[in-house]
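Asker: One structure is given below, represented as structure tokens, and several questions about it will come after.
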Amino acid sequence: MKIKKRALFLIATIMIILLSLIGRLVQVQLIQTESFSKHHINLIEASIKQRTQAIVLDDGRGRFIDRNGEAITNDYYPSVVLFPFLKGMKWPVEKIANITGISEQELLTAVQSAKTPFAFGGKDPVKLTEKQQQQINELKIPGVFALYQQVNTNQVLAEHLLGIARQNKEILEKRYNEKLKSGLISPHTEIGITGLQKAFDEFLLPEGESKLLYHVDQLGGPLFGLEVKYTAPANPFYPTAIKTTLHKPLQIVAERSVDDLGLEKGGLIVIDVETSDILAMVSRPVMNVKNPLADRGGVNEMIEPQIPGSVFKIVTAAAALENNVKVRGRMFNCDYNLYGDGEDARKLGLLNFEESFAKSCNYTFAKLAEEIITENPNYIELYAEKLGLLSRIGWHGEVFHYENFLQLPEEKVGRIWSDANDKHVKKAINQTAIGQKDVRVSPLSVANMMATIARGGEKMQVRAASEVQYKNGTTLFSFPQQQLKGSPLSTYTIKNLQKLLQGVVEEGTGERFKTLPYKVAGKTGTAETGRNGLVNKWFAAYFPVEQPKYALVVVDLDVKEKDAKTSDIVEAMVKNIYQLNRNE
């Protein structure tokens with residue numbers, strides 16, 4: 001009897017174990033195939049991944065090119081792709097060597113050491129011509145392909161302007177919930193978080209990877225013969241390319257100038273005077289790649305409002321000239337301090353209006369601002385607006401279903417007054433006249449102001465991109481040059497501002513730049529930040545004076561005045577641009 005009970009117990013135990021195993025098998029094979037365990041593992045994907053070897057040719061996200069079609073982020077060109085199963089077969093390596101110019105031994109060695117498919121050349125694959133690509137593919141050698149591949153350029157250029165793309169499930173669901181639900185995009189899809197990556201995200205969004213794959217056994221040998229499968233999105237026009245307005249060689253020398261000369265916070269902008277297109281933009285500190293938004297390295301200082309200091313005297317001068325405030329034949333005692341109630345540290349003596357601007361006399365512009373505001377309390381901001389300092393200047397307009405597409409979504413607008421009552425306070429007016437107190441303008445808007453003055457007063461939006469292109473290079477959308485709203489300054493005032501800016505370099509605070517290979521017009525600025533004796537050191541310029549082509553702004557932020565790198569960088573940039581133009 002006891003034996004019978006034991007037998008029944010054993011049978012029952014075995015049955016329970018078997019049923020448990022069957023239940024687990026059903027769970028794994030039929031029920032939770034796409035979301036197994038608390039970790040939500042997709043078992044189908046994991047199984048395929050385990051027995052598949054692949055090389056991703058293109059992750060599907062769009063890329064950025066410069067104004068001449070040069071790759072900025074990822075390059076895209078044909079290269080030789082080789083599969084590791086070649087080591088176990090005889091293949092016409094000599095033919096590939098003859099076509100590519102790569103030695104037979106190099107090809108064989110690379111295949112012998114390979115465990116997964118690879119593009120010959122590693123991180124910098126050998127670039128093929130279209131003819132070489134065609135010749136290789138016509139041979140139809142199993143495991144040898146010549147295909148276009150996305151290649152990292154290994155250069156970090158214009159990182160703050162271009163921005164970053166990252167995986168972010170929360171933002172992905174918020175922006176593209178319908179596409180996510182319908183399976184058009186994966187939960188792991190990278191999306192634009194900042195800069196142009198964010199602005200153009202819907203154009204850049206991948207439709208899927210392009211890749212070569214084949215199945216392997218547990219030893220890595222090929223299953224199903226030597227068949228290699230190519231998979232790619234069905235749409236032949238994607239991924240897109242965003243054609244920026246950047247000039248890659250100029251961007252490279254701009255980054256080098258800033259870094260070689262040791263600027264820690266601030267940056268520079270170069271704008272095309274004719275079009276207000278951004279040719280180069282550098283912001284520092286550099287981004288922390290692992291956590292880009294953790295500190296100021298994730299902020300584009302060039303589109304952030306900063307204290308401008310004496311660069312703002314351009315606005316005060318414009319308001320005085322436009323409103324017939326008496327400046328001609330008038331002398332100002334520039335031994336006085338800003339408020340006129342004591343001596344200044346810089347005793348400049350009696351100066352006329354032009355000399356006051358050239359030598360950056362604070363007293364003159366404080367006095368003029370008092371008279372301007374007596375005439376109309378809103379005149380200073382009115383003329384700041386006429387010069388494009390207070391409104392959004394990055395390209396904005398209608399693009400397909402976007403009524404107000406913003407190329408620079410993180411751009412912040414400037415301001416003059418925080419408290420309207422300050423317009424009736426003498427010291428507040430005096431400080432505002434020279435770009436202190438609550439005045440804040442972005443380096444981008446200052447650069448565009450210089451371009452506006454250089455081209456005769458026409459106000460234009462600033463473009464960072466000119467086109468969205470299909471994969472084949474044809475145009476999906478073109479961003480037209482657009483004027484900024486609002487009335488411009490008179491020709492009379494613009495002509496006088498041009499003369500004033502030339503005077504700064506000829507006989508004023510910018511005299512250091514008098515001997516540069518291009519004749520430069522510009523304005524210096526030293527803004528007190530109120531933080532431990534730190535200043536913002538500016539130079540805003542355009543050149544060549546005879547036929548203006550470039551507007552340049554350099555600003556060193558939160559720096560001891562004696563340590564500022566602004567002038568060194570300006571000098572380096574003008575020389576570099578001159579040399580680039582000679583070489584082209």
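Labeling convention for the structure tokens: chains A, B, ... as they appear, residues from 1 per chain, ligands from 1 in order of appearance.
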Quick one: residues within 10 Å of region 97-108 of chain A, only C-alpha atoms, excluding same-chain residues fewer than 2 positions away - as a ChimeraX atom specification?
Answerer: /A:79-80,82,86-87,92-95,110-114,120-121,126-129,131-133,135-136
Asker: Using N, CA and C atoms, can you write the selected residues to a file as a PDB file, in the first residue's frame?
Answerer:
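Result file part.pdb:
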ATOM      1  N   SER A  79      30.872  51.867 -50.152  1.00  0.00           N
ATOM      2  CA  SER A  79      32.073  51.218 -49.627  1.00  0.00           C
ATOM      3  C   SER A  79      31.943  49.706 -49.818  1.00  0.00           C
ATOM      4  N   VAL A  80      33.057  48.987 -49.627  1.00  0.00           N
ATOM      5  CA  VAL A  80      33.063  47.527 -49.790  1.00  0.00           C
ATOM      6  C   VAL A  80      32.652  46.871 -48.482  1.00  0.00           C
ATOM      7  N   LEU A  82      32.165  43.229 -46.578  1.00  0.00           N
ATOM      8  CA  LEU A  82      32.600  41.831 -46.661  1.00  0.00           C
ATOM      9  C   LEU A  82      32.003  41.024 -45.506  1.00  0.00           C
ATOM     10  N   LEU A  86      33.341  34.377 -45.948  1.00  0.00           N
ATOM     11  CA  LEU A  86      34.273  34.323 -47.084  1.00  0.00           C
ATOM     12  C   LEU A  86      35.537  33.538 -46.739  1.00  0.00           C
ATOM     13  N   LYS A  87      35.890  33.527 -45.439  1.00  0.00           N
ATOM     14  CA  LYS A  87      37.130  32.841 -45.043  1.00  0.00           C
ATOM     15  C   LYS A  87      37.053  31.332 -45.278  1.00  0.00           C
ATOM     16  N   PRO A  92      37.042  35.336 -55.668  1.00  0.00           N
ATOM     17  CA  PRO A  92      37.992  36.055 -56.541  1.00  0.00           C
ATOM     18  C   PRO A  92      38.501  37.353 -55.918  1.00  0.00           C
ATOM     19  N   VAL A  93      39.304  37.208 -54.878  1.00  0.00           N
ATOM     20  CA  VAL A  93      39.813  38.371 -54.161  1.00  0.00           C
ATOM     21  C   VAL A  93      40.633  39.282 -55.069  1.00  0.00           C
ATOM     22  N   GLU A  94      41.316  38.658 -56.075  1.00  0.00           N
ATOM     23  CA  GLU A  94      42.169  39.464 -56.968  1.00  0.00           C
ATOM     24  C   GLU A  94      41.346  40.469 -57.781  1.00  0.00           C
ATOM     25  N   LYS A  95      40.113  40.106 -58.124  1.00  0.00           N
ATOM     26  CA  LYS A  95      39.255  41.020 -58.897  1.00  0.00           C
ATOM     27  C   LYS A  95      38.853  42.234 -58.055  1.00  0.00           C
ATOM     28  N   ALA A 110      41.757  40.951 -43.452  1.00  0.00           N
ATOM     29  CA  ALA A 110      40.567  41.552 -42.837  1.00  0.00           C
ATOM     30  C   ALA A 110      39.446  40.532 -42.691  1.00  0.00           C
ATOM     31  N   VAL A 111      39.242  39.718 -43.726  1.00  0.00           N
ATOM     32  CA  VAL A 111      38.193  38.687 -43.685  1.00  0.00           C
ATOM     33  C   VAL A 111      38.535  37.623 -42.646  1.00  0.00           C
ATOM     34  N   GLN A 112      39.801  37.233 -42.591  1.00  0.00           N
ATOM     35  CA  GLN A 112      40.228  36.163 -41.689  1.00  0.00           C
ATOM     36  C   GLN A 112      39.976  36.519 -40.223  1.00  0.00           C
ATOM     37  N   SER A 113      40.134  37.792 -39.890  1.00  0.00           N
ATOM     38  CA  SER A 113      39.966  38.203 -38.486  1.00  0.00           C
ATOM     39  C   SER A 113      38.540  38.650 -38.165  1.00  0.00           C
ATOM     40  N   ALA A 114      37.667  38.640 -39.167  1.00  0.00           N
ATOM     41  CA  ALA A 114      36.299  39.138 -38.958  1.00  0.00           C
ATOM     42  C   ALA A 114      35.396  38.091 -38.324  1.00  0.00           C
ATOM     43  N   PHE A 120      35.110  47.515 -45.284  1.00  0.00           N
ATOM     44  CA  PHE A 120      36.572  47.536 -45.278  1.00  0.00           C
ATOM     45  C   PHE A 120      37.059  48.966 -45.002  1.00  0.00           C
ATOM     46  N   GLY A 121      37.947  49.056 -44.011  1.00  0.00           N
ATOM     47  CA  GLY A 121      38.473  50.361 -43.617  1.00  0.00           C
ATOM     48  C   GLY A 121      38.070  50.741 -42.209  1.00  0.00           C
ATOM     49  N   VAL A 126      36.823  52.648 -46.859  1.00  0.00           N
ATOM     50  CA  VAL A 126      37.369  53.093 -48.150  1.00  0.00           C
ATOM     51  C   VAL A 126      36.225  53.588 -49.030  1.00  0.00           C
ATOM     52  N   LYS A 127      36.395  54.765 -49.587  1.00  0.00           N
ATOM     53  CA  LYS A 127      35.344  55.377 -50.412  1.00  0.00           C
ATOM     54  C   LYS A 127      35.486  54.924 -51.860  1.00  0.00           C
ATOM     55  N   LEU A 128      34.404  54.393 -52.406  1.00  0.00           N
ATOM     56  CA  LEU A 128      34.398  53.933 -53.794  1.00  0.00           C
ATOM     57  C   LEU A 128      33.755  54.966 -54.705  1.00  0.00           C
ATOM     58  N   THR A 129      34.143  54.926 -55.963  1.00  0.00           N
ATOM     59  CA  THR A 129      33.423  55.709 -56.966  1.00  0.00           C
ATOM     60  C   THR A 129      32.186  54.915 -57.383  1.00  0.00           C
ATOM     61  N   LYS A 131      31.488  54.064 -60.324  1.00  0.00           N
ATOM     62  CA  LYS A 131      31.936  53.072 -61.307  1.00  0.00           C
ATOM     63  C   LYS A 131      32.477  51.829 -60.605  1.00  0.00           C
ATOM     64  N   GLN A 132      33.287  52.029 -59.560  1.00  0.00           N
ATOM     65  CA  GLN A 132      33.819  50.895 -58.791  1.00  0.00           C
ATOM     66  C   GLN A 132      32.683  50.113 -58.134  1.00  0.00           C
ATOM     67  N   GLN A 133      31.703  50.838 -57.613  1.00  0.00           N
ATOM     68  CA  GLN A 133      30.546  50.188 -56.997  1.00  0.00           C
ATOM     69  C   GLN A 133      29.839  49.276 -58.003  1.00  0.00           C
ATOM     70  N   GLN A 135      31.075  47.969 -60.792  1.00  0.00           N
ATOM     71  CA  GLN A 135      31.939  46.854 -61.203  1.00  0.00           C
ATOM     72  C   GLN A 135      31.927  45.724 -60.172  1.00  0.00           C
ATOM     73  N   ILE A 136      31.972  46.070 -58.897  1.00  0.00           N
ATOM     74  CA  ILE A 136      31.977  45.050 -57.835  1.00  0.00           C
ATOM     75  C   ILE A 136      30.653  44.301 -57.801  1.00  0.00           C
TER      76      ILE A 136
END
Asker: Any idea what's packed within 10 Å of Asp272 (chain A), counting only C-alpha atoms, ignoring anything in its chain fewer than 6 positions away? Could you give it as a ChimeraX atom specification?
Answerer: /A:245-246,278-280,447-448,451,462-463,542,548-552
Asker: For a quick check of understanding, using only C-alpha atoms, which of A:Ala464, A:Val151, A:Gly340, A:Thr452 has the smallest distance to Gly195 (chain A)?
Answerer: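 Counting only C-alpha atoms, the residue closest to Gly195 (chain A) is A:Ala464.
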Asker: Write out as a ChimeraX atom specification all residues of region 154-351 of chain A that DSSP puts in strand (DSSP E) for this structure's backbone.
Answerer: /A:165-167,190-192,210-215,229-231,241-244,266-272,278-284,332-333,350-351
Asker: Store the residues picked out above in a file with N, CA and C atoms, as a short mmCIF file (atom, residue, chain, number, x, y, z; two decimals), in the first residue's frame.
Answerer:
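Contents of result05.cif, freshly written:
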data_model
loop_
_atom_site.label_atom_id
_atom_site.label_comp_id
_atom_site.auth_asym_id
_atom_site.auth_seq_id
_atom_site.Cartn_x
_atom_site.Cartn_y
_atom_site.Cartn_z
N ALA A 165 20.37 64.45 -31.03
CA ALA A 165 19.26 63.50 -31.16
C ALA A 165 19.51 62.37 -30.17
N ARG A 166 18.49 61.99 -29.45
CA ARG A 166 18.62 60.95 -28.43
C ARG A 166 17.32 60.14 -28.36
N GLN A 167 17.41 58.98 -27.72
CA GLN A 167 16.19 58.22 -27.40
C GLN A 167 15.53 58.86 -26.19
N GLU A 190 15.51 57.44 -32.28
CA GLU A 190 16.10 58.69 -31.79
C GLU A 190 15.32 59.87 -32.34
N ILE A 191 15.16 60.90 -31.50
CA ILE A 191 14.47 62.11 -31.92
C ILE A 191 15.31 63.33 -31.57
N GLY A 192 15.05 64.43 -32.27
CA GLY A 192 15.79 65.67 -32.02
C GLY A 192 15.39 66.29 -30.70
N SER A 210 18.57 50.56 -43.10
CA SER A 210 19.01 49.80 -44.27
C SER A 210 20.13 48.88 -43.80
N LYS A 211 20.00 47.58 -44.06
CA LYS A 211 21.02 46.66 -43.57
C LYS A 211 21.12 45.40 -44.41
N LEU A 212 22.27 44.76 -44.30
CA LEU A 212 22.50 43.44 -44.88
C LEU A 212 22.50 42.43 -43.74
N LEU A 213 21.83 41.29 -43.94
CA LEU A 213 21.83 40.29 -42.87
C LEU A 213 21.82 38.87 -43.43
N TYR A 214 22.33 37.94 -42.61
CA TYR A 214 22.24 36.52 -42.95
C TYR A 214 22.19 35.71 -41.66
N HIS A 215 21.65 34.50 -41.76
CA HIS A 215 21.43 33.66 -40.59
C HIS A 215 22.62 32.74 -40.35
N LYS A 229 20.56 38.85 -47.22
CA LYS A 229 19.34 39.61 -47.49
C LYS A 229 19.57 41.10 -47.25
N TYR A 230 19.11 41.92 -48.18
CA TYR A 230 19.19 43.38 -48.02
C TYR A 230 17.80 43.89 -47.64
N THR A 231 17.71 44.60 -46.53
CA THR A 231 16.42 45.19 -46.13
C THR A 231 16.57 46.69 -46.01
N ALA A 241 18.19 64.94 -46.39
CA ALA A 241 19.36 65.72 -45.96
C ALA A 241 18.92 67.17 -45.77
N ILE A 242 19.33 67.77 -44.68
CA ILE A 242 19.06 69.18 -44.44
C ILE A 242 20.27 69.96 -44.94
N LYS A 243 20.05 70.77 -45.96
CA LYS A 243 21.14 71.59 -46.49
C LYS A 243 21.23 72.87 -45.67
N THR A 244 22.23 72.93 -44.81
CA THR A 244 22.40 74.10 -43.96
C THR A 244 23.06 75.23 -44.75
N GLY A 266 31.27 81.59 -24.32
CA GLY A 266 30.96 82.59 -25.33
C GLY A 266 30.98 81.96 -26.70
N GLY A 267 31.56 82.66 -27.67
CA GLY A 267 31.65 82.08 -29.01
C GLY A 267 31.68 83.13 -30.09
N LEU A 268 31.32 82.70 -31.30
CA LEU A 268 31.32 83.62 -32.44
C LEU A 268 30.27 83.21 -33.45
N ILE A 269 29.92 84.19 -34.28
CA ILE A 269 28.99 83.97 -35.40
C ILE A 269 29.52 84.71 -36.61
N VAL A 270 29.45 84.06 -37.77
CA VAL A 270 29.73 84.72 -39.04
C VAL A 270 28.47 84.63 -39.89
N ILE A 271 28.02 85.78 -40.39
CA ILE A 271 26.80 85.84 -41.20
C ILE A 271 27.13 86.42 -42.57
N ASP A 272 26.50 85.88 -43.60
CA ASP A 272 26.61 86.41 -44.95
C ASP A 272 25.83 87.72 -45.03
N ILE A 278 23.65 82.07 -41.88
CA ILE A 278 24.72 81.73 -40.93
C ILE A 278 25.79 80.92 -41.66
N LEU A 279 27.01 81.44 -41.70
CA LEU A 279 28.13 80.73 -42.33
C LEU A 279 28.91 79.90 -41.31
N ALA A 280 28.96 80.38 -40.09
CA ALA A 280 29.64 79.65 -39.01
C ALA A 280 29.06 80.09 -37.68
N MET A 281 28.97 79.16 -36.76
CA MET A 281 28.50 79.47 -35.40
C MET A 281 29.20 78.54 -34.43
N VAL A 282 29.81 79.13 -33.40
CA VAL A 282 30.50 78.36 -32.37
C VAL A 282 30.04 78.84 -31.01
N SER A 283 29.68 77.91 -30.14
CA SER A 283 29.33 78.24 -28.76
C SER A 283 30.18 77.40 -27.82
N ARG A 284 30.62 78.03 -26.75
CA ARG A 284 31.38 77.33 -25.74
C ARG A 284 30.81 77.66 -24.36
N PHE A 332 31.45 117.15 -26.29
CA PHE A 332 31.07 116.49 -25.05
C PHE A 332 32.31 116.35 -24.16
N ASN A 333 32.16 116.66 -22.89
CA ASN A 333 33.28 116.56 -21.97
C ASN A 333 33.42 115.11 -21.49
N LEU A 350 37.62 116.69 -24.41
CA LEU A 350 36.48 117.13 -25.21
C LEU A 350 36.44 116.37 -26.54
N LEU A 351 35.33 115.72 -26.81
CA LEU A 351 35.19 114.94 -28.04
C LEU A 351 33.88 115.30 -28.73
#
Asker: Based on the backbone DSSP call, show me all residues of region 236-355 of chain A assigned alpha helix (DSSP H), as number ranges by chain.
Answerer: A: 248-260, 313-322, 353-355
Asker: Write out as a ChimeraX atom specification the residues lying within 8 Å of region 432-444 of chain A, counting only C-alpha atoms and excluding same-chain residues fewer than 6 positions away.
Answerer: /A:268-269,301-313,316,362,365-366,369,389-390,412-418,527-528,553-555
Asker: For each of A:Pro206, A:Pro84, A:Gly183, A:Gly163, take the minimum atom-to-atom distance to Val299 (chain A), counting only C-alpha atoms, then give the residue where this is smallest.
Answerer: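 Using only C-alpha atoms, Val299 (chain A) sits closest to A:Gly163.
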